Amino acid sequence: MLDIAGELHRWAGQGRAFAVATVVTVGGSAPRQPGAALAVDAGGTAVGSVSGGCVEGAVYEVCREVLESGEPVLQHFGPADDDAFAVGLTCGGAIDVFVQRIAPRAEPHYAAALAGAVAGDAVAVARIVRGPAALLGRGLLVRPGGAYEGTLGDPFLDRTAAAEARALLTAGRTATAHIGADGSRCGEPVTLLVEAGVPPPRMLVFGAVDFAAALVRAGRFLGYTVTVCDARPVFATARRFPDADEVVVDWPHRYLERTPVDGRTAVCVLTHDDRFDVPLLERSLRMPVGYVGAMGSRRTHEQRLERLRATGLAEGELARLHSPIGLDLGARTPEETALSIAAEIVAHRRGGSGVPLTGGHTPIHRDEPAPAAPAAGVTTPAA
């Protein structure tokens with residue numbers, strides 16, 4: 001539900017109950033990933049999406065039914081068959097969707113989770129989506145330090161679920177976890193859907209050059225919070241980079257040492273100046289950031305590697321450097337170059353190969369295996 005936290009927070013503030021359908025597991029070429037959600041209120045207003053259109057109508061009707069009955073359900077959708085009127089995914093994938101009714105005033109931990117997500121706080125929501133009927137739909141709000149609100153019905157189960165949710169929140173991942181209904185690793189199993197709501201990842205663009213302006217726009221388009229940093233105040237101005245979230249005048253390596261970074265941070269070095277590049281890259285490659293790329297020719301790259309080796313960087317650390325930065329798209333303009341850099345960042349973050357899909361045989365999506373189809377029909381109780 002954190003996928004659509006903004007609208008649901010508004011509904012919660014108005015005291016409106018709603019049914020929310022959330023993708024739990026996906027397989028094959030499913031159009032949306034776990035955590036994608038569609039919600040429907042009592043007036044029939046719908047927000048969000050679970051399939052990009054393939055099964056929205058069917059999920060909408062299930063939401064209406066659950067909103068009235070109050071009974072959660074787990075719905076399976078597999079590939080569409082040759083019947084044009086059959087409900088299914090035309091992409092050939094499969095998804096499991098959990099649908100439950102939420103009354104924010106009676107379940108304040110859900111309302112608090114939505115408020116936190118809207119405020120940009122790191123929060124996780126852990127809900128039981130498979131297991132004993134009495135536990136279905138129960139949830140916890142879990143914060144980064146491990147504190148939690150709400151209950152799953154048993155203190156041992158609460159602590160185990162909170163620990164699972166905290167680990168996924170730290171990694172910034174939405175996923176399922178399987179534990180025992182008593183909080184142990186055995187016994188009657190329950191499946192938790194843990195939705196991690198984390199602030200947007202950061203893109204740090206070093207070098208206030210024309211290519212940087214285009215990369216800022218590409219980074220914002222991809223959902224990054226983008227900072228431009230350059231030691232030269234005449235170039236590093238908000239007027240030159242109106243799309244940046246922040247423009248900083250400072251030596252790049254000094255700024256990097258004092259700014260927060262994590263495993264999702266992308267560091268893009270565009271300066272072409274060893275005075276800036278070498279100390280910046282030395283520090284970047286020692287930090288737990290997600291991506292480090294530097295602009296320059298192959299000759300420049302080889303010379304830069306020698307200077308970085310002289311700083312004491314090991315070969316394993318140097319191997320993290322993407323240089324020349326970007327994928328080979330034949331780019332010429334700043335916009336085309338920004339596209340090639342953005343494409344490489346996405347491929348690195350998602351485990352893509354960077355090769356054309358046409359004629360290839362590798363899976364398009366590299367996520368969870370396809371959920372198993374129910375024994376009969378497409379709708380199952382969530383237990």
# chains A, B, ... in the order shown; residues from 1 in each chain; ligands from 1
$ residues_around --residues "A:Val123" --least-positions-apart "4" --cutoff "7 Å" --atoms "only C-alpha atoms" --output "PyMOL selection string"
chain A and resi 113+116-117+141-144+196-198
$ select_by_dssp --residues "stretch 202-251 of chain A" --states "alpha helix (DSSP H)" --output "mmCIF file with all heavy atoms, in the first residue's frame"
data_model
loop_
_atom_site.group_PDB
_atom_site.id
_atom_site.type_symbol
_atom_site.label_atom_id
_atom_site.label_comp_id
_atom_site.auth_asym_id
_atom_site.auth_seq_id
_atom_site.Cartn_x
_atom_site.Cartn_y
_atom_site.Cartn_z
ATOM 1 N N ASP A 210 27.777 20.777 -19.200
ATOM 2 C CA ASP A 210 26.538 20.637 -19.964
ATOM 3 C C ASP A 210 25.965 19.227 -19.864
ATOM 4 O O ASP A 210 24.742 19.045 -19.805
ATOM 5 C CB ASP A 210 26.788 20.990 -21.430
ATOM 6 C CG ASP A 210 27.024 22.479 -21.632
ATOM 7 O OD1 ASP A 210 26.681 23.252 -20.709
ATOM 8 O OD2 ASP A 210 27.538 22.866 -22.698
ATOM 9 N N PHE A 211 26.833 18.214 -19.862
ATOM 10 C CA PHE A 211 26.340 16.846 -19.734
ATOM 11 C C PHE A 211 25.621 16.644 -18.399
ATOM 12 O O PHE A 211 24.691 15.862 -18.299
ATOM 13 C CB PHE A 211 27.508 15.857 -19.846
ATOM 14 C CG PHE A 211 28.087 15.771 -21.225
ATOM 15 C CD1 PHE A 211 29.235 16.462 -21.558
ATOM 16 C CD2 PHE A 211 27.471 14.997 -22.201
ATOM 17 C CE1 PHE A 211 29.767 16.387 -22.836
ATOM 18 C CE2 PHE A 211 27.999 14.901 -23.480
ATOM 19 C CZ PHE A 211 29.145 15.596 -23.802
ATOM 20 N N ALA A 212 26.066 17.376 -17.386
ATOM 21 C CA ALA A 212 25.451 17.228 -16.073
ATOM 22 C C ALA A 212 23.999 17.690 -16.083
ATOM 23 O O ALA A 212 23.140 17.081 -15.441
ATOM 24 C CB ALA A 212 26.249 18.012 -15.032
ATOM 25 N N ALA A 213 23.709 18.772 -16.787
ATOM 26 C CA ALA A 213 22.332 19.267 -16.827
ATOM 27 C C ALA A 213 21.392 18.219 -17.402
ATOM 28 O O ALA A 213 20.279 18.016 -16.902
ATOM 29 C CB ALA A 213 22.271 20.553 -17.652
ATOM 30 N N ALA A 214 21.821 17.542 -18.460
ATOM 31 C CA ALA A 214 20.992 16.495 -19.048
ATOM 32 C C ALA A 214 20.874 15.292 -18.114
ATOM 33 O O ALA A 214 19.806 14.685 -17.992
ATOM 34 C CB ALA A 214 21.572 16.061 -20.398
ATOM 35 N N LEU A 215 21.966 14.941 -17.419
ATOM 36 C CA LEU A 215 21.928 13.804 -16.499
ATOM 37 C C LEU A 215 21.029 14.089 -15.302
ATOM 38 O O LEU A 215 20.356 13.181 -14.793
ATOM 39 C CB LEU A 215 23.344 13.465 -16.038
ATOM 40 C CG LEU A 215 23.480 12.239 -15.132
ATOM 41 C CD1 LEU A 215 22.887 10.994 -15.793
ATOM 42 C CD2 LEU A 215 24.930 12.008 -14.753
ATOM 43 N N VAL A 216 21.004 15.329 -14.854
ATOM 44 C CA VAL A 216 20.100 15.704 -13.764
ATOM 45 C C VAL A 216 18.659 15.398 -14.151
ATOM 46 O O VAL A 216 17.893 14.815 -13.376
ATOM 47 C CB VAL A 216 20.262 17.189 -13.406
ATOM 48 C CG1 VAL A 216 19.111 17.658 -12.517
ATOM 49 C CG2 VAL A 216 21.588 17.427 -12.707
ATOM 50 N N ARG A 217 18.286 15.787 -15.367
ATOM 51 C CA ARG A 217 16.908 15.529 -15.812
ATOM 52 C C ARG A 217 16.623 14.034 -15.893
ATOM 53 O O ARG A 217 15.543 13.578 -15.509
ATOM 54 C CB ARG A 217 16.663 16.209 -17.163
ATOM 55 C CG ARG A 217 16.704 17.729 -17.095
ATOM 56 C CD ARG A 217 16.178 18.370 -18.377
ATOM 57 N NE ARG A 217 17.051 18.113 -19.519
ATOM 58 C CZ ARG A 217 18.071 18.880 -19.866
ATOM 59 N NH1 ARG A 217 18.391 19.939 -19.127
ATOM 60 N NH2 ARG A 217 18.802 18.607 -20.939
ATOM 61 N N ALA A 218 17.592 13.273 -16.391
ATOM 62 C CA ALA A 218 17.402 11.822 -16.481
ATOM 63 C C ALA A 218 17.296 11.202 -15.096
ATOM 64 O O ALA A 218 16.466 10.308 -14.858
ATOM 65 C CB ALA A 218 18.564 11.194 -17.256
ATOM 66 N N GLY A 219 18.118 11.668 -14.158
ATOM 67 C CA GLY A 219 18.059 11.139 -12.803
ATOM 68 C C GLY A 219 16.745 11.424 -12.121
ATOM 69 O O GLY A 219 16.170 10.554 -11.451
ATOM 70 N N ARG A 220 16.240 12.631 -12.289
ATOM 71 C CA ARG A 220 14.935 12.963 -11.715
ATOM 72 C C ARG A 220 13.838 12.104 -12.320
ATOM 73 O O ARG A 220 12.921 11.655 -11.625
ATOM 74 C CB ARG A 220 14.638 14.454 -11.944
ATOM 75 C CG ARG A 220 15.477 15.414 -11.117
ATOM 76 C CD ARG A 220 15.096 15.366 -9.645
ATOM 77 N NE ARG A 220 13.698 15.694 -9.425
ATOM 78 C CZ ARG A 220 13.221 16.939 -9.276
ATOM 79 N NH1 ARG A 220 14.057 17.975 -9.324
ATOM 80 N NH2 ARG A 220 11.949 17.150 -9.060
ATOM 81 N N PHE A 221 13.931 11.866 -13.626
ATOM 82 C CA PHE A 221 12.942 11.019 -14.310
ATOM 83 C C PHE A 221 12.937 9.606 -13.722
ATOM 84 O O PHE A 221 11.880 8.971 -13.594
ATOM 85 C CB PHE A 221 13.248 10.977 -15.798
ATOM 86 C CG PHE A 221 12.347 10.073 -16.594
ATOM 87 C CD1 PHE A 221 11.043 10.443 -16.885
ATOM 88 C CD2 PHE A 221 12.798 8.847 -17.049
ATOM 89 C CE1 PHE A 221 10.205 9.609 -17.616
ATOM 90 C CE2 PHE A 221 11.971 8.007 -17.782
ATOM 91 C CZ PHE A 221 10.671 8.384 -18.065
#
$ residues_around --residues "A:Leu193" --least-positions-apart "2" --cutoff "7 Å" --atoms "only C-alpha atoms" --output "number ranges by chain"
A: 24, 126-129, 175-177, 191, 195
$ atom_distance --atom1 "atom CA of A:Ile325" --atom2 "atom CA of A:Thr174"
29.4 Å
$ residues_around --residues "A:Asp250" --least-positions-apart "6" --cutoff "7 Å" --atoms "only C-alpha atoms" --output "list in words"
Cys229, Asp230 and Ala231 of chain A
$ residues_around --residues "A:Gln33" --least-positions-apart "3" --cutoff "7 Å" --atoms "only C-alpha atoms" --output "list in words"
Val23, Val26 and Ala36 of chain A
$ atom_distance --atom1 "atom CA of A:Leu321" --atom2 "atom CA of A:Leu270"
13.2 Å
$ select_by_dssp --residues "stretch 114-293 of chain A" --states "strand (DSSP E)" --output "PyMOL selection string"
chain A and resi 123-130+139-142+148-150+175-180+189-197+202-206+225-230+246-249+266-269+291-293
$ residues_around --residues "A:Ala314" --least-positions-apart "6" --cutoff "10 Å" --atoms "only C-alpha atoms" --output "list in words"
Leu285, Arg286 and Leu308 of chain A
$ residues_around --residues "stretch 290-299 of chain A" --least-positions-apart "6" --cutoff "7 Å" --atoms "only C-alpha atoms" --output "VMD selection string"
chain A and resid 263 to 270 272 284 320 to 325 345
$ closest_residue --among "A:Ile102, A:Val278, A:Leu313, A:Leu8" --to "A:Ala46" --atoms "only C-alpha atoms"
A:Leu8
$ decode --residues "stretch 196-344 of chain A" --atoms "C-alpha atoms" --output "mmCIF file, in the first residue's frame"
data_model
loop_
_atom_site.group_PDB
_atom_site.id
_atom_site.type_symbol
_atom_site.label_atom_id
_atom_site.label_comp_id
_atom_site.auth_asym_id
_atom_site.auth_seq_id
_atom_site.Cartn_x
_atom_site.Cartn_y
_atom_site.Cartn_z
ATOM 1 C CA ALA A 196 9.679 -1.166 2.544
ATOM 2 C CA GLY A 197 9.098 2.535 2.139
ATOM 3 C CA VAL A 198 12.433 4.316 1.885
ATOM 4 C CA PRO A 199 13.396 7.824 0.724
ATOM 5 C CA PRO A 200 14.313 8.066 -2.973
ATOM 6 C CA PRO A 201 17.856 6.980 -3.855
ATOM 7 C CA ARG A 202 20.442 9.704 -4.381
ATOM 8 C CA MET A 203 22.334 10.583 -7.541
ATOM 9 C CA LEU A 204 25.450 12.676 -6.933
ATOM 10 C CA VAL A 205 26.614 14.431 -10.101
ATOM 11 C CA PHE A 206 30.113 15.883 -9.796
ATOM 12 C CA GLY A 207 31.058 18.447 -12.426
ATOM 13 C CA ALA A 208 28.810 21.359 -13.397
ATOM 14 C CA VAL A 209 29.093 20.757 -17.144
ATOM 15 C CA ASP A 210 26.538 20.637 -19.964
ATOM 16 C CA PHE A 211 26.340 16.846 -19.734
ATOM 17 C CA ALA A 212 25.451 17.228 -16.073
ATOM 18 C CA ALA A 213 22.332 19.267 -16.827
ATOM 19 C CA ALA A 214 20.992 16.495 -19.048
ATOM 20 C CA LEU A 215 21.928 13.804 -16.499
ATOM 21 C CA VAL A 216 20.100 15.704 -13.764
ATOM 22 C CA ARG A 217 16.908 15.529 -15.812
ATOM 23 C CA ALA A 218 17.402 11.822 -16.481
ATOM 24 C CA GLY A 219 18.059 11.139 -12.803
ATOM 25 C CA ARG A 220 14.935 12.963 -11.715
ATOM 26 C CA PHE A 221 12.942 11.019 -14.310
ATOM 27 C CA LEU A 222 14.218 7.758 -12.761
ATOM 28 C CA GLY A 223 13.126 8.864 -9.293
ATOM 29 C CA TYR A 224 16.487 9.901 -7.841
ATOM 30 C CA THR A 225 17.075 12.877 -5.599
ATOM 31 C CA VAL A 226 19.828 14.628 -7.570
ATOM 32 C CA THR A 227 22.666 16.783 -6.249
ATOM 33 C CA VAL A 228 25.140 18.672 -8.455
ATOM 34 C CA CYS A 229 28.485 19.486 -6.850
ATOM 35 C CA ASP A 230 31.397 21.496 -8.232
ATOM 36 C CA ALA A 231 34.145 23.548 -6.607
ATOM 37 C CA ARG A 232 33.707 26.366 -9.140
ATOM 38 C CA PRO A 233 30.966 28.781 -8.028
ATOM 39 C CA VAL A 234 30.662 30.382 -11.453
ATOM 40 C CA PHE A 235 29.393 27.067 -12.881
ATOM 41 C CA ALA A 236 27.620 25.482 -9.909
ATOM 42 C CA THR A 237 24.496 27.633 -9.786
ATOM 43 C CA ALA A 238 20.830 26.861 -9.343
ATOM 44 C CA ARG A 239 20.130 28.889 -12.480
ATOM 45 C CA ARG A 240 22.224 26.511 -14.607
ATOM 46 C CA PHE A 241 20.667 23.433 -12.974
ATOM 47 C CA PRO A 242 17.032 24.277 -12.247
ATOM 48 C CA ASP A 243 16.028 20.589 -12.209
ATOM 49 C CA ALA A 244 18.523 19.605 -9.497
ATOM 50 C CA ASP A 245 17.254 19.078 -5.960
ATOM 51 C CA GLU A 246 20.457 20.631 -4.643
ATOM 52 C CA VAL A 247 23.450 22.499 -6.087
ATOM 53 C CA VAL A 248 26.551 22.531 -3.883
ATOM 54 C CA VAL A 249 29.735 24.579 -4.227
ATOM 55 C CA ASP A 250 32.510 22.556 -2.596
ATOM 56 C CA TRP A 251 35.447 20.341 -3.447
ATOM 57 C CA PRO A 252 33.799 17.085 -4.554
ATOM 58 C CA HIS A 253 35.717 14.758 -2.217
ATOM 59 C CA ARG A 254 34.989 16.981 0.787
ATOM 60 C CA TYR A 255 31.292 17.043 -0.013
ATOM 61 C CA LEU A 256 31.201 13.259 -0.475
ATOM 62 C CA GLU A 257 32.810 12.720 2.927
ATOM 63 C CA ARG A 258 30.078 14.665 4.718
ATOM 64 C CA THR A 259 26.930 13.724 2.800
ATOM 65 C CA PRO A 260 24.805 10.615 3.518
ATOM 66 C CA VAL A 261 25.188 7.733 1.047
ATOM 67 C CA ASP A 262 23.976 4.140 0.959
ATOM 68 C CA GLY A 263 23.914 1.090 -1.268
ATOM 69 C CA ARG A 264 21.492 2.754 -3.696
ATOM 70 C CA THR A 265 23.527 5.941 -4.237
ATOM 71 C CA ALA A 266 24.832 6.599 -7.765
ATOM 72 C CA VAL A 267 28.044 8.652 -8.024
ATOM 73 C CA CYS A 268 28.631 10.174 -11.487
ATOM 74 C CA VAL A 269 31.933 11.974 -12.058
ATOM 75 C CA LEU A 270 31.878 14.225 -15.124
ATOM 76 C CA THR A 271 34.659 16.721 -14.393
ATOM 77 C CA HIS A 272 37.594 15.468 -16.579
ATOM 78 C CA ASP A 273 40.027 16.999 -14.110
ATOM 79 C CA ASP A 274 42.376 14.870 -12.007
ATOM 80 C CA ARG A 275 42.493 17.505 -9.266
ATOM 81 C CA PHE A 276 38.860 16.690 -8.607
ATOM 82 C CA ASP A 277 38.493 13.165 -9.994
ATOM 83 C CA VAL A 278 41.288 11.264 -8.241
ATOM 84 C CA PRO A 279 40.535 12.213 -4.610
ATOM 85 C CA LEU A 280 36.812 11.888 -5.296
ATOM 86 C CA LEU A 281 37.067 8.456 -6.906
ATOM 87 C CA GLU A 282 39.482 7.230 -4.249
ATOM 88 C CA ARG A 283 36.859 7.901 -1.598
ATOM 89 C CA SER A 284 33.873 6.780 -3.695
ATOM 90 C CA LEU A 285 35.369 3.366 -4.429
ATOM 91 C CA ARG A 286 35.966 2.745 -0.734
ATOM 92 C CA MET A 287 32.370 3.607 0.183
ATOM 93 C CA PRO A 288 29.338 1.282 0.124
ATOM 94 C CA VAL A 289 27.636 3.188 -2.705
ATOM 95 C CA GLY A 290 25.701 1.399 -5.412
ATOM 96 C CA TYR A 291 27.353 2.786 -8.543
ATOM 97 C CA VAL A 292 30.472 4.792 -9.391
ATOM 98 C CA GLY A 293 31.026 6.030 -12.938
ATOM 99 C CA ALA A 294 33.481 8.487 -14.435
ATOM 100 C CA MET A 295 33.458 10.227 -17.805
ATOM 101 C CA GLY A 296 36.519 10.156 -20.059
ATOM 102 C CA SER A 297 38.145 8.393 -22.974
ATOM 103 C CA ARG A 298 39.683 4.928 -22.681
ATOM 104 C CA ARG A 299 43.117 6.544 -22.574
ATOM 105 C CA THR A 300 41.988 8.869 -19.804
ATOM 106 C CA HIS A 301 40.577 5.879 -17.941
ATOM 107 C CA GLU A 302 43.880 3.969 -18.075
ATOM 108 C CA GLN A 303 45.826 6.990 -16.869
ATOM 109 C CA ARG A 304 43.289 7.567 -14.103
ATOM 110 C CA LEU A 305 43.576 3.935 -12.981
ATOM 111 C CA GLU A 306 47.322 4.339 -12.527
ATOM 112 C CA ARG A 307 46.827 7.415 -10.361
ATOM 113 C CA LEU A 308 44.183 5.586 -8.317
ATOM 114 C CA ARG A 309 46.484 2.587 -7.822
ATOM 115 C CA ALA A 310 49.053 5.005 -6.426
ATOM 116 C CA THR A 311 46.554 5.975 -3.710
ATOM 117 C CA GLY A 312 46.489 2.380 -2.475
ATOM 118 C CA LEU A 313 43.201 1.204 -3.976
ATOM 119 C CA ALA A 314 43.074 -2.552 -4.512
ATOM 120 C CA GLU A 315 42.167 -4.115 -7.867
ATOM 121 C CA GLY A 316 38.829 -5.268 -6.470
ATOM 122 C CA GLU A 317 37.967 -1.693 -5.550
ATOM 123 C CA LEU A 318 39.062 -0.405 -8.952
ATOM 124 C CA ALA A 319 36.871 -3.014 -10.628
ATOM 125 C CA ARG A 320 33.824 -1.196 -9.249
ATOM 126 C CA LEU A 321 34.545 1.825 -11.439
ATOM 127 C CA HIS A 322 32.386 2.202 -14.557
ATOM 128 C CA SER A 323 34.596 4.108 -16.975
ATOM 129 C CA PRO A 324 34.163 5.255 -19.640
ATOM 130 C CA ILE A 325 30.779 5.893 -18.065
ATOM 131 C CA GLY A 326 27.575 4.686 -19.742
ATOM 132 C CA LEU A 327 26.471 2.034 -22.222
ATOM 133 C CA ASP A 328 27.584 2.119 -25.841
ATOM 134 C CA LEU A 329 24.555 3.708 -27.530
ATOM 135 C CA GLY A 330 26.551 5.753 -30.027
ATOM 136 C CA ALA A 331 25.600 8.826 -28.013
ATOM 137 C CA ARG A 332 26.760 12.262 -29.155
ATOM 138 C CA THR A 333 24.578 14.940 -27.567
ATOM 139 C CA PRO A 334 24.381 15.643 -23.816
ATOM 140 C CA GLU A 335 20.872 14.158 -23.759
ATOM 141 C CA GLU A 336 21.973 10.982 -25.530
ATOM 142 C CA THR A 337 24.974 10.685 -23.213
ATOM 143 C CA ALA A 338 22.734 11.133 -20.179
ATOM 144 C CA LEU A 339 20.509 8.365 -21.520
ATOM 145 C CA SER A 340 23.477 6.013 -21.872
ATOM 146 C CA ILE A 341 24.590 6.757 -18.287
ATOM 147 C CA ALA A 342 21.080 6.319 -16.907
ATOM 148 C CA ALA A 343 20.710 3.032 -18.793
ATOM 149 C CA GLU A 344 23.944 1.709 -17.300
#
